[in-house]
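What follows is the content of input.tsv (TSV, C-alpha atoms and all ligand atoms).
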```
chain	number	residue	atom	x	y	z
N	1	MET	CA	96.52	68.66	250.89
N	2	ALA	CA	98.10	66.28	248.43
N	3	ASP	CA	100.94	67.60	246.24
N	4	ASP	CA	99.15	68.46	242.99
N	5	THR	CA	102.29	67.68	240.95
N	6	ALA	CA	102.17	64.05	242.13
N	7	LYS	CA	100.37	61.78	239.68
N	8	THR	CA	98.98	58.28	239.80
N	9	ALA	CA	101.33	55.29	239.56
N	10	ILE	CA	101.79	53.75	236.11
N	11	HIS	CA	102.24	50.12	235.09
N	12	LEU	CA	105.94	49.28	235.10
N	13	GLU	CA	108.13	46.32	234.31
N	14	ILE	CA	111.25	46.31	236.49
N	15	ARG	CA	114.24	44.39	235.08
N	16	GLU	CA	117.54	43.47	236.66
N	17	GLY	CA	120.68	43.54	234.52
N	18	LEU	CA	121.54	44.95	231.12
N	19	ASP	CA	118.59	43.43	229.22
N	20	GLY	CA	117.33	45.96	226.66
N	21	LEU	CA	119.98	48.56	227.49
N	22	THR	CA	122.35	50.18	225.02
N	23	PRO	CA	124.77	53.07	225.61
N	24	ALA	CA	122.55	55.28	223.44
N	25	ARG	CA	119.47	54.52	225.52
N	26	ILE	CA	121.32	55.20	228.76
N	27	VAL	CA	122.77	58.49	227.50
N	28	THR	CA	119.41	59.68	226.17
N	29	LEU	CA	117.73	59.01	229.51
N	30	TYR	CA	120.52	60.69	231.49
N	31	ARG	CA	120.39	63.78	229.27
N	32	ARG	CA	116.61	64.01	229.40
N	33	ALA	CA	116.24	63.40	233.18
N	34	PRO	CA	118.62	65.33	233.49
N	35	LEU	CA	121.32	63.41	235.37
N	36	LEU	CA	124.70	65.08	235.00
N	37	ARG	CA	127.29	62.40	234.38
N	38	PRO	CA	130.29	62.21	232.02
N	39	VAL	CA	128.55	60.15	229.35
N	40	ASP	CA	130.22	61.40	226.20
N	41	ARG	CA	131.95	58.08	225.37
N	42	ASN	CA	129.77	55.04	224.74
N	43	GLU	CA	132.37	52.43	225.63
N	44	ARG	CA	132.95	54.11	229.00
N	45	VAL	CA	129.21	54.29	229.68
N	46	TRP	CA	128.84	50.60	228.92
N	47	GLU	CA	131.76	49.71	231.20
N	48	MET	CA	130.10	51.68	234.03
N	49	PHE	CA	127.09	49.44	233.66
N	50	GLU	CA	128.88	46.14	233.06
N	51	LYS	CA	130.99	46.62	236.19
N	52	ALA	CA	128.12	47.71	238.47
N	53	SER	CA	126.95	45.18	241.08
N	54	LEU	CA	123.31	45.88	240.41
N	55	VAL	CA	121.53	47.53	237.50
N	56	LEU	CA	117.78	47.98	237.61
N	57	THR	CA	115.69	49.39	234.80
N	58	ALA	CA	112.03	50.40	234.58
N	59	TRP	CA	110.07	49.92	231.39
N	60	ARG	CA	106.68	51.22	230.37
N	61	ASP	CA	105.12	49.78	227.23
N	62	GLY	CA	108.57	48.70	226.04
N	63	ASP	CA	110.15	52.12	226.64
N	64	LEU	CA	113.00	52.66	229.08
N	65	VAL	CA	111.71	55.13	231.70
N	66	GLY	CA	114.07	54.64	234.65
N	67	ILE	CA	117.55	53.46	235.58
N	68	ALA	CA	119.31	52.78	238.87
N	69	ARG	CA	122.91	51.64	239.25
N	70	VAL	CA	124.43	50.35	242.52
N	71	LEU	CA	127.85	49.19	243.70
N	72	THR	CA	127.56	46.89	246.71
N	73	ASP	CA	129.52	44.30	248.68
N	74	GLY	CA	126.15	42.84	249.74
N	75	VAL	CA	127.19	42.86	253.40
N	76	LEU	CA	128.04	46.31	254.75
N	77	TYR	CA	127.86	48.99	252.11
N	78	SER	CA	125.97	49.88	248.99
N	79	TYR	CA	126.47	52.98	246.87
N	80	LEU	CA	123.66	54.27	244.72
N	81	CYS	CA	125.61	55.70	241.79
N	82	ASP	CA	122.80	56.86	239.53
N	83	LEU	CA	119.05	57.19	239.56
N	84	ALA	CA	117.32	58.75	236.58
N	85	VAL	CA	113.71	58.87	235.48
N	86	GLU	CA	112.28	59.96	232.14
N	87	PRO	CA	110.81	63.48	232.64
N	88	ASP	CA	107.46	62.57	231.05
N	89	VAL	CA	106.84	60.09	233.87
N	90	GLN	CA	108.56	61.79	236.80
N	91	ARG	CA	106.41	61.87	239.95
N	92	HIS	CA	104.58	58.71	238.87
N	93	GLY	CA	106.42	56.45	241.31
N	94	VAL	CA	109.15	55.15	238.96
N	95	GLY	CA	112.06	56.31	241.14
N	96	LYS	CA	110.36	54.97	244.24
N	97	ALA	CA	109.74	51.59	242.60
N	98	LEU	CA	113.44	51.32	241.65
N	99	LEU	CA	114.55	52.39	245.13
N	100	HIS	CA	112.27	49.88	246.82
N	101	GLU	CA	113.80	47.10	244.71
N	102	ILE	CA	117.23	48.31	245.82
N	103	PHE	CA	116.15	48.40	249.47
N	104	GLU	CA	115.11	44.74	249.16
N	105	ARG	CA	118.19	43.56	247.29
N	106	CYS	CA	120.65	45.50	249.48
N	107	LYS	CA	118.92	44.77	252.80
N	108	GLY	CA	121.32	44.82	255.76
N	109	THR	CA	123.74	47.28	254.12
N	110	GLU	CA	124.17	51.04	254.45
N	111	LEU	CA	122.95	52.63	251.25
N	112	VAL	CA	124.87	55.83	250.54
N	113	LEU	CA	124.63	58.31	247.69
N	114	ARG	CA	125.50	61.82	246.58
N	115	ASP	CA	122.56	64.08	245.95
N	116	SER	CA	122.11	67.18	243.84
N	117	ASP	CA	120.25	70.42	244.61
N	118	ILE	CA	117.15	69.10	242.90
N	119	SER	CA	117.11	65.69	244.55
N	120	SER	CA	118.02	66.31	248.22
N	121	SER	CA	114.39	66.81	249.27
N	122	TYR	CA	113.50	63.65	247.35
N	123	TYR	CA	115.86	61.46	249.37
N	124	ALA	CA	114.72	63.07	252.63
N	125	HIS	CA	111.14	62.26	251.61
N	126	LEU	CA	112.11	58.61	251.07
N	127	GLY	CA	113.66	58.23	254.52
N	128	PHE	CA	117.36	58.87	253.83
N	129	GLN	CA	119.31	60.79	256.48
N	130	ARG	CA	121.92	63.39	255.66
N	131	VAL	CA	125.37	62.58	257.09
N	132	GLY	CA	128.16	65.08	257.53
N	133	ASN	CA	131.21	62.84	257.65
N	134	ALA	CA	131.61	61.96	253.99
N	135	TRP	CA	134.84	62.71	252.11
N	136	VAL	CA	135.75	62.42	248.48
N	137	LYS	CA	139.09	62.40	246.66
N	138	TYR	CA	139.11	62.83	242.92
N	139	LEU	CA	141.63	60.40	241.43
N	140	ARG	CA	142.44	61.74	238.00
N	201	LIG	C1	114.78	62.51	241.45
N	201	LIG	C2	114.04	61.48	240.57
N	201	LIG	C3	114.89	60.23	240.42
N	201	LIG	C4	112.71	61.14	241.28
N	201	LIG	O1	112.06	60.09	240.56
N	201	LIG	P1	110.48	60.12	240.34
N	201	LIG	O2	110.08	58.87	239.67
N	201	LIG	O3	110.11	61.40	239.66
N	201	LIG	O4	109.93	60.20	241.83
N	201	LIG	P2	108.75	59.31	242.44
N	201	LIG	O5	107.52	59.50	241.59
N	201	LIG	O6	109.21	57.94	242.69
N	201	LIG	O7	108.52	60.05	243.82
N	201	LIG	C5	108.38	59.32	245.05
N	201	LIG	C6	107.91	60.28	246.10
N	201	LIG	O8	108.83	61.37	246.21
N	201	LIG	C7	108.15	62.61	245.92
N	201	LIG	N1	109.09	63.43	245.15
N	201	LIG	C8	109.43	63.28	243.84
N	201	LIG	N2	110.37	64.19	243.51
N	201	LIG	C9	110.62	64.92	244.64
N	201	LIG	C10	111.48	66.01	244.94
N	201	LIG	N3	112.30	66.53	244.02
N	201	LIG	N4	111.46	66.51	246.21
N	201	LIG	C11	110.66	65.96	247.16
N	201	LIG	N5	109.82	64.91	246.93
N	201	LIG	C12	109.80	64.42	245.68
N	201	LIG	C13	106.91	62.23	245.13
N	201	LIG	O9	105.90	63.19	245.28
N	201	LIG	C14	106.56	60.89	245.79
N	201	LIG	O10	105.91	61.14	247.02
N	201	LIG	P3	104.86	60.04	247.66
N	201	LIG	O11	105.59	58.72	247.74
N	201	LIG	O12	104.55	60.61	248.98
N	201	LIG	O13	103.73	59.99	246.70
N	201	LIG	C15	113.67	62.07	239.18
N	201	LIG	O14	112.96	63.27	239.37
N	201	LIG	C16	114.88	62.35	238.31
N	201	LIG	O15	115.30	61.51	237.53
N	201	LIG	N6	115.44	63.56	238.43
N	201	LIG	C17	116.59	63.97	237.62
N	201	LIG	C18	117.85	63.14	237.95
N	201	LIG	C19	118.20	63.20	239.43
N	201	LIG	O16	118.19	64.27	240.07
N	201	LIG	N7	118.52	62.01	239.98
N	201	LIG	C20	119.00	61.88	241.31
N	201	LIG	C21	120.44	62.21	241.31
N	201	LIG	S1	121.23	61.96	242.84
```
Written form, structure tokens:
Amino acid sequence: MADDTAKTAIHLEIREGLDGLTPARIVTLYRRAPLLRPVDRNERVWEMFEKASLVLTAWRDGDLVGIARVLTDGVLYSYLCDLAVEPDVQRHGVGKALLHEIFERCKGTELVLRDSDISSSYYAHLGFQRVGNAWVKYLR
């Protein structure tokens, strides 16, 4: 039986780049999603976006409803830093639409990410495989 929390797809405009974005819009979406990131300083948030290789946004009737941010060398590796969808439209295909754009634009690379408790089943559902050989060092 179909998942009864899944809803029909909505009409979206997908944009590449910073068009229409402001730090306030980004922070509001992250807090509402919620996507836990250190977004308490606007200038730092903006730098995160300006320095990203790829920023994709999803808009519905002029409202920002989704964001994805990727670092990539375009050849071997891509890192999906952030993916956040407005709660009112979650499970309407916004995240999937952003990911499919990333799959196209980063074709040929390994797309890696860090998940959270709430999103691990999501990435499994979209064909990602869990790997056990990742390491992280926090450079303070
Ligand atoms: C996780 C998140 C990005 C998913 O975006 P979304 O737009 O709600 O998801 P979609 O509508 O694109 O879902 C695509 C598919 O995954 C399924 N799905 C959605 N959320 C899921 C979940 N948590 N677990 C398993 N499957 C899920 C949908 O049912 C849909 O299935 P279908 O293609 O078979 O119809 C969104 O819920 C979100 O922003 N969450 C909070 C922030 C977060 O956790 N981000 C990821 C951090 S790593």
**Prompt:** What residues have any atom no more than 7 Å from ligand LIG 201 (chain N) when counting all atoms listed in the file, and can you list them as a VMD selection string?
**Reply:** chain N and resid 3 6 33 to 35 82 to 87 89 to 97 113 to 116 118 to 122 125 to 126
Using the selection just defined, write its residues with C-alpha atoms as a JSON list (two decimals), in the frame of the given file.
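Dumped everything to out35.json:
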```
[["chain", "number", "residue", "atom", "x", "y", "z"],
["N", 3, "ASP", "CA", 100.94, 67.60, 246.24],
["N", 6, "ALA", "CA", 102.17, 64.05, 242.13],
["N", 33, "ALA", "CA", 116.24, 63.40, 233.18],
["N", 34, "PRO", "CA", 118.62, 65.33, 233.49],
["N", 35, "LEU", "CA", 121.32, 63.41, 235.37],
["N", 82, "ASP", "CA", 122.80, 56.86, 239.53],
["N", 83, "LEU", "CA", 119.05, 57.19, 239.56],
["N", 84, "ALA", "CA", 117.32, 58.75, 236.58],
["N", 85, "VAL", "CA", 113.71, 58.87, 235.48],
["N", 86, "GLU", "CA", 112.28, 59.96, 232.14],
["N", 87, "PRO", "CA", 110.81, 63.48, 232.64],
["N", 89, "VAL", "CA", 106.84, 60.09, 233.87],
["N", 90, "GLN", "CA", 108.56, 61.79, 236.80],
["N", 91, "ARG", "CA", 106.41, 61.87, 239.95],
["N", 92, "HIS", "CA", 104.58, 58.71, 238.87],
["N", 93, "GLY", "CA", 106.42, 56.45, 241.31],
["N", 94, "VAL", "CA", 109.15, 55.15, 238.96],
["N", 95, "GLY", "CA", 112.06, 56.31, 241.14],
["N", 96, "LYS", "CA", 110.36, 54.97, 244.24],
["N", 97, "ALA", "CA", 109.74, 51.59, 242.60],
["N", 113, "LEU", "CA", 124.63, 58.31, 247.69],
["N", 114, "ARG", "CA", 125.50, 61.82, 246.58],
["N", 115, "ASP", "CA", 122.56, 64.08, 245.95],
["N", 116, "SER", "CA", 122.11, 67.18, 243.84],
["N", 118, "ILE", "CA", 117.15, 69.10, 242.90],
["N", 119, "SER", "CA", 117.11, 65.69, 244.55],
["N", 120, "SER", "CA", 118.02, 66.31, 248.22],
["N", 121, "SER", "CA", 114.39, 66.81, 249.27],
["N", 122, "TYR", "CA", 113.50, 63.65, 247.35],
["N", 125, "HIS", "CA", 111.14, 62.26, 251.61],
["N", 126, "LEU", "CA", 112.11, 58.61, 251.07]]
```
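Near Leu111 (chain N), within a cut-off of 8 Å and counting only C-alpha atoms, sit the residues N:Tyr77, N:Ser78, N:Tyr79, N:Leu80, N:Cys106, with same-chain residues fewer than 5 positions away left out.
From CA of Val70 (chain N) back to CA of Tyr30 (chain N), the distance works out to 15.6 Å.
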Near region 50-64 of chain N, within 7 Å and counting only C-alpha atoms, which residues show up once chain neighbours fewer than 3 positions away are dropped, as a PDB file with C-alpha atoms, keeping the file's coordinate frame?
```pdb
ATOM      1  CA  HIS N  11     102.240  50.120 235.090  1.00  0.00           C
ATOM      2  CA  LEU N  12     105.940  49.280 235.100  1.00  0.00           C
ATOM      3  CA  GLU N  13     108.130  46.320 234.310  1.00  0.00           C
ATOM      4  CA  ILE N  14     111.250  46.310 236.490  1.00  0.00           C
ATOM      5  CA  ARG N  15     114.240  44.390 235.080  1.00  0.00           C
ATOM      6  CA  GLU N  16     117.540  43.470 236.660  1.00  0.00           C
ATOM      7  CA  GLY N  17     120.680  43.540 234.520  1.00  0.00           C
ATOM      8  CA  LEU N  18     121.540  44.950 231.120  1.00  0.00           C
ATOM      9  CA  TRP N  46     128.840  50.600 228.920  1.00  0.00           C
ATOM     10  CA  GLU N  47     131.760  49.710 231.200  1.00  0.00           C
ATOM     11  CA  ILE N  67     117.550  53.460 235.580  1.00  0.00           C
ATOM     12  CA  ALA N  68     119.310  52.780 238.870  1.00  0.00           C
ATOM     13  CA  ARG N  69     122.910  51.640 239.250  1.00  0.00           C
ATOM     14  CA  VAL N  70     124.430  50.350 242.520  1.00  0.00           C
ATOM     15  CA  LEU N  71     127.850  49.190 243.700  1.00  0.00           C
ATOM     16  CA  THR N  72     127.560  46.890 246.710  1.00  0.00           C
ATOM     17  CA  LEU N  98     113.440  51.320 241.650  1.00  0.00           C
TER      18      LEU N  98
END
```
**Message:** What's the separation between CA of Glu110 (chain N) and CA of Gln129 (chain N), in Å to one decimal place?
**Reply:**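 It comes out at 11.1 Å.
CA of Tyr123 (chain N) lies 13.7 Å from CA of Ile102 (chain N).
When all atoms listed in the file are used to compute distances to Leu29 (chain N), the closest of the residues N:Gly132, N:Gly108, N:Gly66, N:Gly74 turns out to be N:Gly66.
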